[in-house]
Each structure stands twice: as C-alpha cells, then as structure tokens.
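Coordinates from run29.txt are shown below (compact mmCIF, C-alpha atoms).
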# COMPACT_ATOMS: atom_id res chain seq x y z
CA MET A 1 73.30 93.72 87.15
CA PRO A 2 70.63 91.82 89.09
CA THR A 3 72.35 89.48 91.46
CA LEU A 4 70.19 87.36 93.68
CA MET A 5 73.06 85.33 95.00
CA GLU A 6 75.42 86.46 97.71
CA THR A 7 78.34 84.66 96.14
CA VAL A 8 81.20 86.81 95.03
CA THR A 9 82.47 85.96 91.57
CA MET A 10 86.10 86.18 90.58
CA ALA A 11 85.38 89.24 88.45
CA ASP A 12 83.78 91.07 91.37
CA TRP A 13 86.72 90.18 93.48
CA PHE A 14 89.23 91.57 91.03
CA ARG A 15 87.21 94.73 90.51
CA GLU A 16 88.36 95.87 93.95
CA THR A 17 91.74 97.43 93.32
CA ALA A 18 92.90 96.89 96.91
CA ASN A 19 92.48 93.13 96.57
CA TRP A 20 94.89 92.51 93.77
CA VAL A 21 97.27 95.22 94.91
CA PHE A 22 97.45 93.33 98.19
CA LEU A 23 98.17 90.04 96.41
CA LEU A 24 100.63 91.74 94.07
CA ILE A 25 102.64 92.89 97.11
CA ALA A 26 102.02 89.91 99.41
CA PHE A 27 103.36 87.21 97.09
CA PRO A 28 106.76 88.86 96.43
CA THR A 29 107.00 89.62 100.16
CA VAL A 30 106.51 85.98 101.17
CA PHE A 31 108.79 84.85 98.34
CA GLY A 32 111.51 87.25 99.48
CA ALA A 33 111.19 86.04 103.05
CA TRP A 34 111.35 82.44 101.90
CA ARG A 35 114.45 83.01 99.80
CA THR A 36 116.11 84.94 102.67
CA VAL A 37 115.76 81.80 104.74
CA SER A 38 116.63 79.27 102.03
CA SER A 39 119.21 80.95 99.77
CA ASP A 40 122.68 79.41 99.82
CA ASN A 41 124.38 82.67 98.89
CA ILE A 42 124.59 85.04 101.85
CA VAL A 43 124.65 88.21 99.74
CA ARG A 44 121.55 87.06 97.86
CA ALA A 45 119.86 86.36 101.20
CA VAL A 46 120.41 90.01 102.18
CA LEU A 47 119.05 91.25 98.86
CA TYR A 48 115.95 89.04 99.22
CA LEU A 49 115.56 90.50 102.70
CA VAL A 50 115.30 93.91 101.00
CA VAL A 51 112.39 92.56 98.93
CA ALA A 52 110.62 91.25 102.04
CA LEU A 53 111.16 94.49 103.98
CA GLY A 54 110.06 96.61 101.03
CA GLY A 55 106.90 94.52 100.82
CA THR A 56 106.09 95.11 104.47
CA ALA A 57 106.76 98.83 104.02
CA ALA A 58 104.20 98.84 101.18
CA MET A 59 101.79 97.00 103.49
CA PHE A 60 102.19 99.75 106.08
CA LEU A 61 101.34 102.30 103.39
CA MET A 62 98.25 100.24 102.46
CA LEU A 63 97.22 100.30 106.12
CA GLY A 64 97.45 104.10 106.11
CA ALA A 65 100.49 104.18 108.42
CA ALA A 66 102.69 106.29 106.18
CA PHE A 67 105.18 107.32 108.88
CA ILE A 68 105.84 103.72 109.92
CA GLY A 69 106.16 102.69 106.29
CA TRP A 70 108.78 105.30 105.45
CA THR A 71 110.60 104.64 108.71
CA VAL A 72 110.91 101.00 107.65
CA VAL A 73 112.36 102.13 104.33
CA LEU A 74 114.86 104.48 106.00
CA VAL A 75 115.87 102.41 109.03
CA TYR A 76 115.66 98.84 107.70
CA ILE A 77 116.37 99.09 103.99
CA GLY A 78 118.63 102.10 104.41
CA ALA A 79 120.62 101.32 107.53
CA VAL A 80 120.14 97.75 108.74
CA VAL A 81 120.70 96.14 105.34
CA ILE A 82 123.89 98.18 104.88
CA LEU A 83 125.01 97.01 108.33
CA PHE A 84 124.40 93.42 107.25
CA LEU A 85 126.38 93.88 104.05
CA MET A 86 129.24 95.40 106.05
CA GLY A 87 129.09 92.50 108.49
CA ILE A 88 129.28 90.03 105.60
CA MET A 89 132.28 91.84 104.16
CA ILE A 90 134.06 91.83 107.53
CA THR A 91 133.29 88.20 108.37
CA ARG A 92 133.93 86.99 104.84
CA ALA A 93 134.25 83.23 105.19
CA PRO A 94 136.37 81.23 102.73
CA LEU A 95 134.45 80.57 99.53
CA GLY A 96 134.15 76.85 100.16
CA ALA A 97 132.23 77.46 103.37
CA GLU A 98 129.20 78.91 101.56
CA ALA A 99 127.41 75.55 101.56
CA LYS A 100 127.60 75.43 105.37
CA LEU A 101 125.18 78.35 105.66
CA SER A 102 122.35 76.02 106.69
CA HIS A 103 121.97 72.83 108.64
CA GLY A 104 121.37 69.57 106.85
CA ARG A 105 118.11 67.78 106.12
CA GLU A 106 117.92 66.33 109.63
CA VAL A 107 117.32 69.84 110.98
CA LYS A 108 115.47 71.31 107.98
CA VAL A 109 112.54 68.89 108.00
CA PRO A 110 111.62 69.27 111.71
CA ALA A 111 112.14 73.04 111.43
CA ALA A 112 109.79 73.28 108.42
CA LEU A 113 107.26 71.10 110.24
CA LEU A 114 107.43 73.28 113.36
CA SER A 115 107.08 76.46 111.33
CA GLY A 116 104.06 75.01 109.52
CA ILE A 117 102.39 74.07 112.79
CA LEU A 118 103.14 77.56 114.16
CA PHE A 119 101.56 79.15 111.09
CA ALA A 120 98.48 76.92 111.42
CA VAL A 121 98.06 77.86 115.08
CA ILE A 122 98.48 81.62 114.48
CA ALA A 123 96.25 81.55 111.39
CA GLY A 124 93.57 79.62 113.26
CA SER A 125 93.49 82.06 116.15
CA VAL A 126 93.61 85.07 113.80
CA VAL A 127 90.64 83.83 111.78
CA ASP A 128 88.86 82.99 115.02
CA ALA A 129 89.43 86.48 116.44
CA PHE A 130 89.14 88.72 113.37
CA GLY A 131 87.48 86.50 110.74
CA ALA A 132 84.13 88.25 111.06
CA SER A 133 85.61 91.75 110.94
CA ILE A 134 84.42 93.90 108.09
CA ILE A 135 86.50 96.65 106.64
CA ARG A 136 85.54 100.08 107.86
CA PRO A 137 86.37 103.21 105.96
CA PHE A 138 89.47 104.60 107.57
CA GLU A 139 91.49 107.75 107.39
CA PRO A 140 95.26 107.49 106.94
CA THR A 141 97.03 108.19 110.21
CA LEU A 142 98.45 111.68 110.30
CA THR A 143 102.04 111.97 111.43
CA THR A 144 100.89 114.87 113.62
CA ASP A 145 98.60 112.58 115.60
CA LEU A 146 101.34 109.98 115.98
CA ALA A 147 103.79 112.65 117.17
CA ASN A 148 101.26 114.03 119.67
CA VAL A 149 100.83 110.59 121.24
CA LEU A 150 104.55 109.76 121.10
CA PHE A 151 105.69 113.04 122.68
CA GLY A 152 102.71 113.24 125.02
CA ARG A 153 101.71 110.11 126.87
CA PHE A 154 104.70 108.07 125.67
CA ILE A 155 107.43 110.61 126.41
CA ILE A 156 109.02 108.56 129.23
CA PRO A 157 109.28 105.31 127.18
CA PHE A 158 110.60 107.43 124.31
CA GLU A 159 113.40 108.82 126.51
CA VAL A 160 114.19 105.35 127.87
CA VAL A 161 114.43 103.97 124.35
CA SER A 162 116.77 106.83 123.42
CA PHE A 163 119.08 105.76 126.24
CA VAL A 164 118.91 102.17 125.02
CA LEU A 165 120.07 103.39 121.62
CA LEU A 166 122.90 105.38 123.19
CA ALA A 167 123.99 102.35 125.24
CA ALA A 168 123.94 100.21 122.10
CA LEU A 169 126.04 102.79 120.27
CA ILE A 170 128.69 102.81 122.99
CA GLY A 171 128.49 99.03 123.39
CA GLY A 172 128.97 98.50 119.67
CA ILE A 173 132.05 100.71 119.61
CA VAL A 174 133.55 99.05 122.70
CA LEU A 175 132.93 95.52 121.38
CA ALA A 176 134.26 96.17 117.90
CA ARG A 177 137.38 98.09 118.92
CA GLN A 178 140.63 96.49 117.86
CA ASP A 179 142.57 97.25 121.06
CA ASP A 180 139.86 96.42 123.55
CA VAL A 181 140.93 95.72 127.11
CA GLY A 182 139.47 92.56 128.59
CA GLY A 183 137.29 91.87 125.58
CA LEU A 184 136.56 88.48 124.07
CA GLU A 185 140.20 87.86 123.31
CA MET B 1 84.67 91.89 99.94
CA ILE B 2 87.83 93.89 100.21
CA VAL B 3 91.06 93.20 102.07
CA THR B 4 90.23 92.95 105.76
CA THR B 5 92.53 92.98 108.75
CA THR B 6 92.60 89.17 108.66
CA TRP B 7 94.58 89.22 105.42
CA PHE B 8 97.30 91.41 106.87
CA LEU B 9 97.42 89.28 110.01
CA LEU B 10 97.72 86.10 107.94
CA LEU B 11 100.57 87.63 105.92
CA ALA B 12 102.29 88.60 109.17
CA ALA B 13 101.79 85.04 110.47
CA ALA B 14 103.39 83.63 107.31
CA LEU B 15 106.38 85.99 107.59
CA PHE B 16 106.81 85.16 111.30
CA SER B 17 106.71 81.40 110.65
CA ILE B 18 109.30 81.74 107.88
CA GLY B 19 111.49 83.73 110.28
CA VAL B 20 111.21 80.99 112.92
CA ALA B 21 112.20 78.39 110.34
CA GLY B 22 115.17 80.58 109.38
CA VAL B 23 116.47 80.83 112.95
CA LEU B 24 116.20 77.05 113.31
CA ILE B 25 117.71 76.14 109.93
CA ARG B 26 120.57 78.63 109.58
CA ARG B 27 123.92 78.19 111.25
CA ASN B 28 125.53 81.48 110.21
CA ALA B 29 124.99 84.15 112.89
CA LEU B 30 124.40 86.92 110.34
CA VAL B 31 121.62 85.05 108.53
CA MET B 32 120.02 84.22 111.88
CA PHE B 33 119.96 87.96 112.61
CA MET B 34 118.21 88.50 109.27
CA SER B 35 115.57 85.94 110.21
CA ILE B 36 115.03 87.72 113.52
CA GLU B 37 114.57 91.01 111.63
CA LEU B 38 111.94 89.25 109.52
CA MET B 39 110.08 88.13 112.64
CA LEU B 40 110.20 91.59 114.22
CA ASN B 41 108.83 93.09 111.01
CA ALA B 42 105.97 90.59 111.01
CA VAL B 43 105.12 91.60 114.57
CA ASN B 44 105.16 95.26 113.51
CA LEU B 45 102.72 94.44 110.72
CA THR B 46 100.43 92.78 113.27
CA PHE B 47 100.65 95.80 115.56
CA VAL B 48 99.75 98.25 112.81
CA ALA B 49 96.97 96.07 111.33
CA VAL B 50 95.27 95.62 114.71
CA SER B 51 95.83 99.30 115.45
CA ARG B 52 93.78 100.14 112.36
CA GLU B 53 91.15 97.50 113.14
CA LEU B 54 90.57 98.87 116.64
CA GLY B 55 90.99 102.51 115.65
CA LEU B 56 93.80 103.07 118.18
CA ILE B 57 97.10 104.80 117.41
CA GLU B 58 99.05 103.09 120.22
CA GLY B 59 99.82 100.12 117.97
CA GLN B 60 101.86 102.36 115.69
CA VAL B 61 103.77 103.76 118.69
CA ALA B 62 104.55 100.18 119.72
CA ALA B 63 105.76 99.44 116.19
CA LEU B 64 108.17 102.40 116.41
CA PHE B 65 109.57 101.11 119.71
CA VAL B 66 109.99 97.63 118.23
CA MET B 67 111.95 99.19 115.36
CA VAL B 68 114.31 100.95 117.78
CA VAL B 69 114.95 97.73 119.68
CA ALA B 70 115.54 95.89 116.38
CA ALA B 71 118.12 98.47 115.31
CA THR B 72 119.83 98.15 118.72
CA GLU B 73 119.88 94.39 118.46
CA VAL B 74 121.51 94.46 115.03
CA THR B 75 124.15 96.98 116.13
CA VAL B 76 125.25 95.07 119.23
CA GLY B 77 124.80 91.69 117.54
CA LEU B 78 127.02 92.62 114.61
CA ALA B 79 129.67 94.02 116.98
CA ILE B 80 129.68 90.70 118.85
CA VAL B 81 129.86 88.73 115.60
CA VAL B 82 132.81 90.85 114.46
CA ALA B 83 134.55 90.42 117.84
CA VAL B 84 134.02 86.65 117.73
CA PHE B 85 135.15 86.49 114.12
CA ARG B 86 138.40 88.18 115.06
CA THR B 87 139.31 85.32 117.40
CA ARG B 88 137.63 82.37 115.66
CA ALA B 89 137.66 83.41 111.96
CA SER B 90 134.15 82.02 111.64
CA ALA B 91 130.56 83.24 111.99
CA ASN B 92 129.21 79.74 112.53
CA VAL B 93 127.22 79.53 115.76
CA ASP B 94 127.82 75.78 116.18
CA GLU B 95 131.53 76.36 116.79
CA LEU B 96 130.91 78.73 119.70
CA ALA B 97 130.83 76.18 122.49
CA GLU B 98 133.27 77.65 125.04
CA MET B 99 130.54 78.03 127.66
CA LYS B 100 129.48 74.39 127.40
CA GLY B 101 129.99 72.65 130.74
Will you turn the file into structure tokens for me?
Amino acid sequence: MPTLMETVTMADWFRETANWVFLLIAFPTVFGAWRTVSSDNIVRAVLYLVVALGGTAAMFLMLGAAFIGWTVVLVYIGAVVILFLMGIMITRAPLGAEAKLSHGREVKVPAALLSGILFAVIAGSVVDAFGASIIRPFEPTLTTDLANVLFGRFIIPFEVVSFVLLAALIGGIVLARQDDVGGLE
Amino acid sequence: MIVTTTWFLLLAAALFSIGVAGVLIRRNALVMFMSIELMLNAVNLTFVAVSRELGLIEGQVAALFVMVVAATEVTVGLAIVVAVFRTRASANVDELAEMKG
C-alpha cells in the first residue's frame, strides 16, 4: 500500500490490537469510577468500584507488570472490597437515609468544576512531559527481578511497612472491640 | 501509533480527578474511603506506567508500598467508622463535629 502521507487513518489505528484493547478496558474503567462516585446506592457503588479496580488491574497486565496486576486483584478486589461490604453491613443506615449519600447541588457543581480543572492541569503537564515519547519494545517485568529489588535494596522499607501492617492490625482490633477501655465511647 | 505511556497517564489522571470529586461530593465515610482507594490506584497506575517508560523497576516497588498503605488505611478507617457508628448510629461525616471549637 503506497502511502505518501504521514497521516494515520482510522483503519490503521484499529489494526493495532493494543489500541482498541486499551480503549475497551479504559472506558469501562472510567465509567466504573464515575458510577462509584455518583451512584445513590452504596452497595452498587462498591460493585462499580470492583469494575474500576479490575480495569486498572488489566492496565497493569498491559504494562507488563503482572505481579502488581494480580496483587491488585487479590488485595483490592479480594480483600478491600469485602471489607467495604462488611462495613456497609455493620453501619447499615435506615433505608430512608440512602439519598443522603451525597451533598446537594451546591457542593456538586464546584466539586465537578475543581475536578475538571485538576484533570486539565494533570493532562497538560503529562502531555508536556511525555507527549513526544514513542513506545519502545519492552519485556514484561519478571517477578524474580521485582523480588530481587524488593528483598535487596528495599529490605528496610519492606520491614518497616510490615510493622505498619502489624500496627494497623492491632489498632483495628482495639478500635473495633466491643468492651474497649477509654475508647470513643 | 500504538498506545504510549501518555495514554496510561491520562487514564490515571481521569481516575484521580474522579476520586477527588468523590471525596468532595460524598458525605458517607465509607464512600469517601472508596474514592480514596480510587485515587491511590490511579497513582499506582502512574507509578507503573512511568516505571515502564523509564525502564526502571523501582516504580513497581513503590506501587507495592502504596498498596500496603492503602490496605492499612482501609483497615483502621473501617474500625474507626464502626466505633463511631456504635455511638452515633450514623456514618455521615457532617455529623461528627465534636472537635469543633
């Protein structure tokens, strides 16, 4: 096909599988995030959050970061979402209070405006910084390499973060105990 | 003409902005936590995308640490919400004004 022009036609664009796979994942991800923020039903908000998190996990797989991607599936979709559902069941508000999940229009409009401005600023700086970047062929990250870095140079932060997790575990138990001494009661 | 790093960064920017809007709009503590999770995930996506762009693996390590902190935040946050709910029977953040001077 003799092409003298540099312009990329729609057909060329769609011939790249990665392009439309990206769009196929990106649109449900953004939609899920949007519905998480806007849904009036709190259980639906959690389930839309699953869509958004699953989309980002797929994005990590597209970026060749398989370990991060599957960790998102296990930790976020597996554990955090279940925690949220449990929290909803425990703090089950009366049914009439469902409409009070969000603020009214007087907060929504400035918030949407602010979020739009924030997106414009981030998008502008991203295009400015990486707009000219071309894709390079890349190898998927091996979990072995990640583990070597994590348990080599990053061993001290890793241990510190383990202690943070332990502290959170104990703190969660202490805060949620029924017969706590000197708690919030 | 294939997906470049910019696309992933723009998607992350969109998710982060939506998360910010969620924190501002919502008044239920649980849904605000969900919005914060959304923002942390967007930051992770940025970390991993730039990590691939620059050919460095440290971005993925940072993403793992962010995930640990996010899990911690949800655990302690939910415990606090449950403790508050026990005394106030509500998860609405506007009603928690005891510390107001």
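The space separating atom CA of A:Glu159 from atom CA of B:Val81 comes to 28.2 Å.
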Of the candidates B:Glu37, B:Glu95, B:Asn44, B:Arg52, which shows the shortest atom-to-atom distance to B:Thr72, using all atoms listed in the file? B:Glu37
So what do you get for atom CA of B:Phe47 versus atom CA of B:Glu73, distance-wise?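 The value is 19.5 Å.
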Quick one: distance from atom CA of A:Leu53 to atom CA of A:Lys100 in Å, one decimal?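 If I compute the distance from atom CA of A:Leu53 to atom CA of A:Lys100, I get 25.2 Å.
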Within 10 Å of stretch 61-72 of chain A, counting all atoms listed in the file, which residues qualify if same-chain residues fewer than 2 places away don't, as a ChimeraX atom specification? /A:18,21-22,53-59,74-80,138-144,146-147 /B:5,8,41,44-45,48-53,57,60-61,63-64,67
Residue among B:Met39, B:Leu96, B:Thr6, B:Phe33 lying closest to B:Val20, counting only C-alpha atoms: B:Met39
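Counting all atoms listed in the file, the residue from A:Ser39, A:Gly32, A:Ser133, A:Gly124 that sits nearest to A:Val51 is A:Gly32.
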Would you mind listing what lies within 10 Å of B:Asn92 as number ranges by chain, with only C-alpha atoms counted and same-chain residues fewer than 5 positions away left out? A: 93, 97, 100-102; B: 26-30, 81, 84-85
Counting only C-alpha atoms, the residue of B:Val76, B:Asp94, B:Arg86, B:Met32 that sits nearest chain A: B:Val76
Counting only C-alpha atoms, what is within 12 Å of B:Ala14, bar same-chain residues fewer than 2 positions away, as number ranges by chain? A: 26-27, 29-34, 52, 115-123, 126; B: 7-12, 16-21, 38-39, 41-43, 45-46
Considering all atoms listed in the file, can you say which of A:Leu24, A:Met89, A:Lys108, A:Asp40 comes closest to chain B?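 Looking only at the distances to chain B, the closest residue turns out to be A:Lys108.
Selecting by distance to (125.1, 96.3, 113.2) with a limit of 8 Å and using only C-alpha atoms, one obtains Val80, Leu83, Phe84, Gly87 and Gly172 of chain A; Ala71, Thr72, Glu73, Val74, Thr75, Val76, Gly77, Leu78 and Ala79 of chain B.
When all atoms listed in the file are used to compute distances to chain B, the closest of the residues A:Val73, A:Val160, A:Ala112, A:Leu166 turns out to be A:Ala112.
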